[in-house]
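**Student:** Can you keep this structure in mind? I'll have questions shortly.
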Amino acid sequence: MISALHIENLALQRGEKVLFRGVHFRVVAGEAMALTGPNGAGKTSLLRAVAGFIRPVSGRVVFEGADGPLPVDDARRAGCHLVGHQDGLKASRRAGDELIFQVRWCGGDSASALAAAEHMGLTRLLSLEVRVLSEGQRRRLALVRLIASPRPLWLLDEPLAPLDAASRSLFGAVMTRHLAGGGLIVAAVHDPLPLPARMVDISA
Amino acid sequence: MSVLTALLRRELALAWARGGGALLAVGFFVAATVMLPLALGPAPERLAAVSGGVTWVVLALASLLSLDRMFERDFEDGALDLLALGPLPLEMVSAAKCLAQWTVNGAPLAASAPFVAVALGARLTTAPMIFAAAALGGVAFAFLGGTGAALALASRRGGVLIAVVVLPLLTPPVIFGGAAVANFTAGLPWATAITLLAAYALACVALTPFAMAAACRNAQS
Amino acid sequence: MFSALANPLRFMAFSRWAAPLLGVLATGLIGSGLWLGLNAPPDYQQGETVKIMFIHVPAAWTSMLAYACLGGASFVSLVFRHALADAAAKAVAPLGAAFTAIALITGSLWGRPMWGAWWVWGDARLVSVLVLLLLFVGYMALRASIDDEARGARAAEILALVGLINLPIVKFSVEWWNTLHQGESIMRAGGSTLAPVYLTPLLLAGAGYAAAFGALWLERIRAEVWRRRATSLALRAALA
């Protein structure tokens with residue numbers, strides 16, 4: 001699947017405002033890239049542009065496989081996880097049902113979903129409705145699908161913000177394991193990630 | 001269980017919303033129809049003459065009002081992004097949502113329509129045709145209404161905007177369905193009308209998902 | 001020719017002389033059409049009132065032309081992502097709605113002396129034009145209610161195309177509906193055959209309306225292009 005992500009001279013615009021120009025970097029398997037910059041610099045928009053939701057004004061997003069560039073739509077729909085500020089969990093549904101749907105949708109199955117939930121310490125929460133979970137618990141639940149349905153490229157938007165210290169180190173270990181297995185991580189952050197990562201400042 | 005089945009189950013569960021969904025649609029349907037005799041007076045011949053048409057129109061309105069949150073729910077909490085990055089294209093996701101909408105709202109409305117029409121004075125023998133027209137028309141209403149709902153996503157304004165956008169597009173199914181019921185009631189040939197309605201509904205199912213997916217992508221950009 | 005016009009600068013240069021020219025052409029055509037029509041002998045059934053058709057029918061034709069243009073401009077904008085095509089689509093909608101309104105009002109005025117009713121549901125063309133007005137209104141409402149200009153433009157484009165594909169079916173269904181209720185509907189005097197003495201002025205008026213539509217559309221696109229430039233400059237000054 002995806003062995004490298006290449007951002008070539010990307011420029012993004014929202015309405016009349018140019019967010020950034022000339023962003024250029026390459027992430028290969030086993031690497032993590034941290035996107036830094038002030039609020040409003042366009043970190044979230046860059047992640048969404050990689051995921052295909054925003055069309056860049058100029059430049060390209062290239063997904064490279066073992067034999068060269070991959071078809072962009074397939075790479076996105078089968079090879080990317082996007083975890084943004086929102087978790088997509090419906091308040092009125094049971095946490096377990098929502099989790100299993102999200103995992104299934106991304107290519108896993110209920111067994112891997114439950115195992116991953118166990119790993120993140122969420123098993124006892126699965127029978128509750130999503131509305132009663134705290135923000136940190138919801139974020140951890142949203143991150144479970146990263147483990148349960150393996151996909152090479154993780155696009156994370158401030159993934160650790162609502163998590164406590166214990167959960168942060170737990171997820172840090174998850175990220176390290178992902179990279180060790182040949183995965184790629186691109187994360188928009190304000191604080192440093194709990195693992196070695198290259199940094200690129202978008203506003204520069 | 002395939003991914004499509006999982007998606008359909010989830011859409012059905014969300015549309016059902018613990019029974020609130022269908023109850024609201026049918027509730028509005030009955031409540032609005034009650035207005036007619038209150039406005040027109042109780043004379044049975046007058047009510048019976050318009051019973052088929054009025055039932056049909058109020059059915060269309062009830063269908064429109066209940067599809068407000070179809071896409072908005074997922075758009076607001078980021079689930080639409082997740083759905084867009086999955087194994088099925090957004091076109092199929094949209095079609096699944098409309099199908100769930102029709103199952104949860106359209107089918108109960110179609111089932112209530114004969115009762116409402118008979119209460120207004122339609123003959124009992126017309127009940128099967130009213131149900132058939134309402135069921136088929138409901139498919140068109142669900143898919144065209146879904147198109148309106150997807151288009152209105154970017155405006156964050158549902159309800160009336162969707163109705164204003166969608167109502168003129170509903171002209172063909174309203175005409176075909178109304179004609180089927182009217183002809184059946186009058187003993188005239190009704191086969192053409194119901195066939196046209198079915199053909200139109202099928203065309204909606206085949207074509208509108210593309211518009212819905214394009215509208216969703218526009219709202220996500 | 002259209003690809004040459006796609007360049008905004010060339011379009012502005014072109015429309016600067018084309019719009020007034022079309023305006024003059026329109027005046028000439030409509031003027032001669034109306035003169036010929038008003039001087040033609042009165043209809044044996046409807047008398048002089050039939051002559052309102054020279055205002056009503058071309059307006060109805062132009063309203064449908066306008067929607068076709070809306071669909072075409074929307075298609076070009078959607079597929080080729082062309083800002084000028086989007087400006088053209090935005091500009092044509094109120095214009096089309098205006099022609100539709102003219103057609104409906106004159107249609108109503110035509111019906112009143114003949115059949116005593118201010119509105120005639122039995123006229124398939126009139127009902128089709130009414131649905132067309134609703135389509136224009138829906139387009140404008142959608143566009144106006146989306147704050148983000150780019151998103152509003154795209155959503156409206158999709159709607160215009162859905163409407164365009166649906167429009168032949170709408171027309172067919174209304175005409176079919178009319179034939180169903182034949183007994184209750186009112187046939188227009190003259191029906192499908194039009195006396196030749198009326199045909200020429202009608203065609204002249206029709207061509208004139210199309211020219212007028214073209215002139216007004218070009219002017220509206222120019223106004224939209226200027227508006228966008230002004231907004232863009234103001235925004236850039238504010239953000240600088």
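Here, A, B, ... name the chains of the structure tokens in the order displayed, residue numbers run from 1 inside each chain, and ligands are numbered from 1 in the same displayed order.
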Would you kindly return, as a list in words, each protein, DNA or RNA residue with an atom no farther than 12 Å from any atom of Ala163 of chain B, considering only C-alpha atoms and excluding same-chain residues fewer than 6 positions away?
**Tutor:**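 Non-adjacent residues within range: Ala60, Leu61, Ala62, Ser63, Leu64, Leu65, Ser66, Leu67, Asp68, Phe141, Leu144, Gly145, Gly146, Thr147, Gly148, Ala149, Leu151, Ala152, Arg157, Leu169 and Leu170 of chain B; Leu134, Leu135, Val137, Gly138, Ala141 and Leu142 of chain C.
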**Student:** Select residues of chain B: the criterion is any atom within 10 Å of an atom of chain C, counting only C-alpha atoms; output as a PyMOL selection string.
**Tutor:** chain B and resi 144+147-148+150-157+161-176+178-179+183+193+196+200+204+207-208+210-212+214-221
**Student:** Taking only C-alpha atoms into account and nothing else, which residues of chain C lie no more than 9 Å away from chain A? Please answer as a list in words.
**Tutor:**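 Here they are: Asp148, Glu149, Ala150, Ser232, Leu235, Arg236 and Leu239 of chain C.
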**Student:** Hey, can you spit out that residue selection with N, CA and C atoms as a CSV table (one decimal), in the first residue's frame?
**Tutor:**
```
chain,number,residue,atom,x,y,z
C,148,ASP,N,-20.8,31.0,2.3
C,148,ASP,CA,-19.6,30.9,1.5
C,148,ASP,C,-19.8,30.9,0.0
C,149,GLU,N,-19.3,31.9,-0.6
C,149,GLU,CA,-19.6,32.1,-2.1
C,149,GLU,C,-19.3,30.9,-2.9
C,150,ALA,N,-18.1,30.4,-2.7
C,150,ALA,CA,-17.7,29.3,-3.6
C,150,ALA,C,-18.6,28.1,-3.4
C,232,SER,N,-12.9,41.5,-4.2
C,232,SER,CA,-11.6,40.9,-4.1
C,232,SER,C,-10.6,42.0,-3.7
C,235,LEU,N,-11.1,43.0,0.0
C,235,LEU,CA,-10.7,42.0,0.9
C,235,LEU,C,-9.2,41.9,1.0
C,236,ARG,N,-8.5,42.1,-0.2
C,236,ARG,CA,-7.1,42.0,-0.1
C,236,ARG,C,-6.5,43.2,0.6
C,239,LEU,N,-7.0,42.5,4.4
C,239,LEU,CA,-6.1,41.4,4.9
C,239,LEU,C,-4.7,41.8,4.9
```
**Student:** Please provide the set of residues having any atom within 12 Å of Ala191 of chain B, restricted to only C-alpha atoms, with same-chain residues fewer than 2 positions apart removed, written as a list in words.
**Tutor:**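 Answer for this query is Met129, Ala132, Ala133, Phe176, Gly177, Ala179, Ala180, Val181, Ala182, Asn183, Phe184, Gly187, Leu188, Pro189, Ala193, Ile194, Thr195, Leu196, Leu197 and Ala198 of chain B.
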**Student:** Report as JSON lines the residues of chain A within 12 Å of chain B, each with its shortest atom pair and distance in Å (one decimal), using only C-alpha atoms, ordered by chain and increasing residue number.
**Tutor:**
```
{"residue": "A:Leu12", "atom": "CA", "partner": "B:Ser221", "partner_atom": "CA", "distance": 11.5}
{"residue": "A:Gln13", "atom": "CA", "partner": "B:Ser221", "partner_atom": "CA", "distance": 11.1}
{"residue": "A:Arg14", "atom": "CA", "partner": "B:Ser221", "partner_atom": "CA", "distance": 9.4}
{"residue": "A:Gly15", "atom": "CA", "partner": "B:Ser221", "partner_atom": "CA", "distance": 11.0}
{"residue": "A:Thr44", "atom": "CA", "partner": "B:Ser221", "partner_atom": "CA", "distance": 11.9}
{"residue": "A:Ser45", "atom": "CA", "partner": "B:Ser221", "partner_atom": "CA", "distance": 9.3}
{"residue": "A:Leu46", "atom": "CA", "partner": "B:Ser221", "partner_atom": "CA", "distance": 11.7}
{"residue": "A:Leu47", "atom": "CA", "partner": "B:Ser221", "partner_atom": "CA", "distance": 12.0}
{"residue": "A:Arg48", "atom": "CA", "partner": "B:Ser221", "partner_atom": "CA", "distance": 8.3}
{"residue": "A:Ala49", "atom": "CA", "partner": "B:Ser221", "partner_atom": "CA", "distance": 8.7}
{"residue": "A:Val50", "atom": "CA", "partner": "B:Leu85", "partner_atom": "CA", "distance": 11.6}
{"residue": "A:Ala51", "atom": "CA", "partner": "B:Leu85", "partner_atom": "CA", "distance": 7.9}
{"residue": "A:Gly52", "atom": "CA", "partner": "B:Ser221", "partner_atom": "CA", "distance": 8.7}
{"residue": "A:Phe53", "atom": "CA", "partner": "B:Ser221", "partner_atom": "CA", "distance": 5.1}
{"residue": "A:Ile54", "atom": "CA", "partner": "B:Ser221", "partner_atom": "CA", "distance": 4.8}
{"residue": "A:Arg55", "atom": "CA", "partner": "B:Ser221", "partner_atom": "CA", "distance": 7.5}
{"residue": "A:Pro56", "atom": "CA", "partner": "B:Ser221", "partner_atom": "CA", "distance": 10.5}
{"residue": "A:Val72", "atom": "CA", "partner": "B:Leu85", "partner_atom": "CA", "distance": 11.8}
{"residue": "A:Asp73", "atom": "CA", "partner": "B:Leu85", "partner_atom": "CA", "distance": 9.1}
{"residue": "A:Asp74", "atom": "CA", "partner": "B:Pro87", "partner_atom": "CA", "distance": 8.9}
{"residue": "A:Ala75", "atom": "CA", "partner": "B:Leu85", "partner_atom": "CA", "distance": 9.6}
{"residue": "A:Arg76", "atom": "CA", "partner": "B:Leu85", "partner_atom": "CA", "distance": 6.4}
{"residue": "A:Arg77", "atom": "CA", "partner": "B:Leu85", "partner_atom": "CA", "distance": 4.4}
{"residue": "A:Ala78", "atom": "CA", "partner": "B:Gly86", "partner_atom": "CA", "distance": 6.6}
{"residue": "A:Gly79", "atom": "CA", "partner": "B:Leu85", "partner_atom": "CA", "distance": 8.8}
{"residue": "A:Cys80", "atom": "CA", "partner": "B:Leu85", "partner_atom": "CA", "distance": 7.4}
{"residue": "A:His81", "atom": "CA", "partner": "B:Leu85", "partner_atom": "CA", "distance": 7.7}
{"residue": "A:Leu82", "atom": "CA", "partner": "B:Leu82", "partner_atom": "CA", "distance": 7.4}
{"residue": "A:Val83", "atom": "CA", "partner": "B:Leu82", "partner_atom": "CA", "distance": 8.6}
{"residue": "A:Gly84", "atom": "CA", "partner": "B:Gly78", "partner_atom": "CA", "distance": 7.8}
{"residue": "A:His85", "atom": "CA", "partner": "B:Gly78", "partner_atom": "CA", "distance": 8.3}
{"residue": "A:Gln86", "atom": "CA", "partner": "B:Gly78", "partner_atom": "CA", "distance": 5.4}
{"residue": "A:Asp87", "atom": "CA", "partner": "B:Gly78", "partner_atom": "CA", "distance": 6.2}
{"residue": "A:Gly88", "atom": "CA", "partner": "B:Ala79", "partner_atom": "CA", "distance": 3.9}
{"residue": "A:Leu89", "atom": "CA", "partner": "B:Ala79", "partner_atom": "CA", "distance": 7.0}
{"residue": "A:Lys90", "atom": "CA", "partner": "B:Asp77", "partner_atom": "CA", "distance": 7.8}
{"residue": "A:Ala91", "atom": "CA", "partner": "B:Asp77", "partner_atom": "CA", "distance": 9.7}
{"residue": "A:Ser92", "atom": "CA", "partner": "B:Ala17", "partner_atom": "CA", "distance": 8.2}
{"residue": "A:Arg93", "atom": "CA", "partner": "B:Leu14", "partner_atom": "CA", "distance": 8.3}
{"residue": "A:Arg94", "atom": "CA", "partner": "B:Ala13", "partner_atom": "CA", "distance": 11.3}
{"residue": "A:Asp97", "atom": "CA", "partner": "B:Arg10", "partner_atom": "CA", "distance": 8.9}
{"residue": "A:Glu98", "atom": "CA", "partner": "B:Arg10", "partner_atom": "CA", "distance": 8.6}
{"residue": "A:Leu99", "atom": "CA", "partner": "B:Arg10", "partner_atom": "CA", "distance": 11.6}
{"residue": "A:Ile100", "atom": "CA", "partner": "B:Ala6", "partner_atom": "CA", "distance": 9.4}
{"residue": "A:Phe101", "atom": "CA", "partner": "B:Ala6", "partner_atom": "CA", "distance": 6.7}
{"residue": "A:Gln102", "atom": "CA", "partner": "B:Leu82", "partner_atom": "CA", "distance": 8.0}
{"residue": "A:Val103", "atom": "CA", "partner": "B:Val3", "partner_atom": "CA", "distance": 10.3}
{"residue": "A:Arg104", "atom": "CA", "partner": "B:Val3", "partner_atom": "CA", "distance": 6.7}
{"residue": "A:Trp105", "atom": "CA", "partner": "B:Gly86", "partner_atom": "CA", "distance": 6.0}
{"residue": "A:Cys106", "atom": "CA", "partner": "B:Gly86", "partner_atom": "CA", "distance": 5.8}
{"residue": "A:Gly107", "atom": "CA", "partner": "B:Pro87", "partner_atom": "CA", "distance": 7.7}
{"residue": "A:Gly108", "atom": "CA", "partner": "B:Val3", "partner_atom": "CA", "distance": 10.1}
{"residue": "A:Asp109", "atom": "CA", "partner": "B:Met1", "partner_atom": "CA", "distance": 9.5}
{"residue": "A:Ser110", "atom": "CA", "partner": "B:Met1", "partner_atom": "CA", "distance": 10.4}
{"residue": "A:Ala142", "atom": "CA", "partner": "B:Leu82", "partner_atom": "CA", "distance": 10.8}
{"residue": "A:Arg145", "atom": "CA", "partner": "B:Leu82", "partner_atom": "CA", "distance": 10.9}
{"residue": "A:Ser149", "atom": "CA", "partner": "B:Gly86", "partner_atom": "CA", "distance": 11.3}
{"residue": "A:Arg151", "atom": "CA", "partner": "B:Gly86", "partner_atom": "CA", "distance": 11.3}
{"residue": "A:Leu155", "atom": "CA", "partner": "B:Leu85", "partner_atom": "CA", "distance": 11.9}
```
**Student:** Leaving out segment 161-166 of chain A and any residue of its chain fewer than 2 positions from it, which residues lie within 10 Å of it when counting only C-alpha atoms, given as a list of chain:residue names?
**Tutor:**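 Once the nearby chain positions are removed, what remains is A:His85, A:Ser134, A:Glu135, A:Gly136, A:Gln137, A:Arg138, A:Arg139, A:Arg140, A:Asp157, A:Glu158, A:Pro159, A:Arg168, A:Ser169, A:Leu170, A:Phe171, A:Gly172, A:Val189, A:His190, A:Asp191.
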**Student:** With only C-alpha atoms as the counted atoms, please give the residues lying no more than 12 Å from Leu179 of chain A, apart from itself and same-chain residues fewer than 3 positions off, as a PDB file with C-alpha atoms, in the first residue's frame.
**Tutor:**
```pdb
ATOM      1  CA  SER A   3       4.942   3.599   1.313  1.00  0.00           C
ATOM      2  CA  VAL A  27       7.114  11.318   4.592  1.00  0.00           C
ATOM      3  CA  VAL A  28       8.227   7.711   4.147  1.00  0.00           C
ATOM      4  CA  ALA A  29       7.169   4.511   5.852  1.00  0.00           C
ATOM      5  CA  GLY A  30       8.220   4.464   9.478  1.00  0.00           C
ATOM      6  CA  GLU A  31       8.343   8.267   9.732  1.00  0.00           C
ATOM      7  CA  ALA A  32       6.217  10.742  11.632  1.00  0.00           C
ATOM      8  CA  MET A  33       5.803  14.358  10.537  1.00  0.00           C
ATOM      9  CA  PRO A 150      -4.981  -1.089   9.936  1.00  0.00           C
ATOM     10  CA  ARG A 151      -4.263   1.528   7.295  1.00  0.00           C
ATOM     11  CA  PRO A 152      -0.773   2.842   6.491  1.00  0.00           C
ATOM     12  CA  LEU A 153      -1.258   6.627   6.610  1.00  0.00           C
ATOM     13  CA  TRP A 154      -2.565   8.320   9.749  1.00  0.00           C
ATOM     14  CA  GLY A 172       2.335   7.295  22.041  1.00  0.00           C
ATOM     15  CA  ALA A 173       3.202   3.618  22.274  1.00  0.00           C
ATOM     16  CA  VAL A 174       0.475   2.856  19.735  1.00  0.00           C
ATOM     17  CA  MET A 175       1.932   5.392  17.337  1.00  0.00           C
ATOM     18  CA  THR A 176       5.452   4.025  17.787  1.00  0.00           C
ATOM     19  CA  GLY A 182       5.888   0.551   8.264  1.00  0.00           C
ATOM     20  CA  GLY A 183       3.131   3.095   8.823  1.00  0.00           C
ATOM     21  CA  LEU A 184       3.249   6.863   8.269  1.00  0.00           C
ATOM     22  CA  ILE A 185       1.946   9.577  10.547  1.00  0.00           C
ATOM     23  CA  VAL A 186       1.248  13.216   9.726  1.00  0.00           C
ATOM     24  CA  LEU A 195       7.808  10.146  19.807  1.00  0.00           C
ATOM     25  CA  PRO A 196      10.566  11.317  17.497  1.00  0.00           C
ATOM     26  CA  ALA A 197       9.137  13.257  14.556  1.00  0.00           C
TER      27      ALA A 197
END
```
**Student:** Of the residues C:Ser74, C:Thr100, C:Thr49, C:Asn178, which is the one nearest to Trp115 of chain C, using only C-alpha atoms?
**Tutor:**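 Among the listed residues, C:Thr49 lies closest to Trp115 of chain C.
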**Student:** I want to know what sits within 12 Å of Ala119 of chain B, based on only C-alpha atoms, with residues of the same chain fewer than 5 positions away left out; could you give that as a list in words?
**Tutor:** Val30, Thr33, Val34, Leu36, Pro37, Pro42, Pro44, Leu47, Ala48, Val50, Ser51, Gly52, Val54, Thr55, Ser112, Ala113, Pro114, Leu124 and Ala127 of chain B
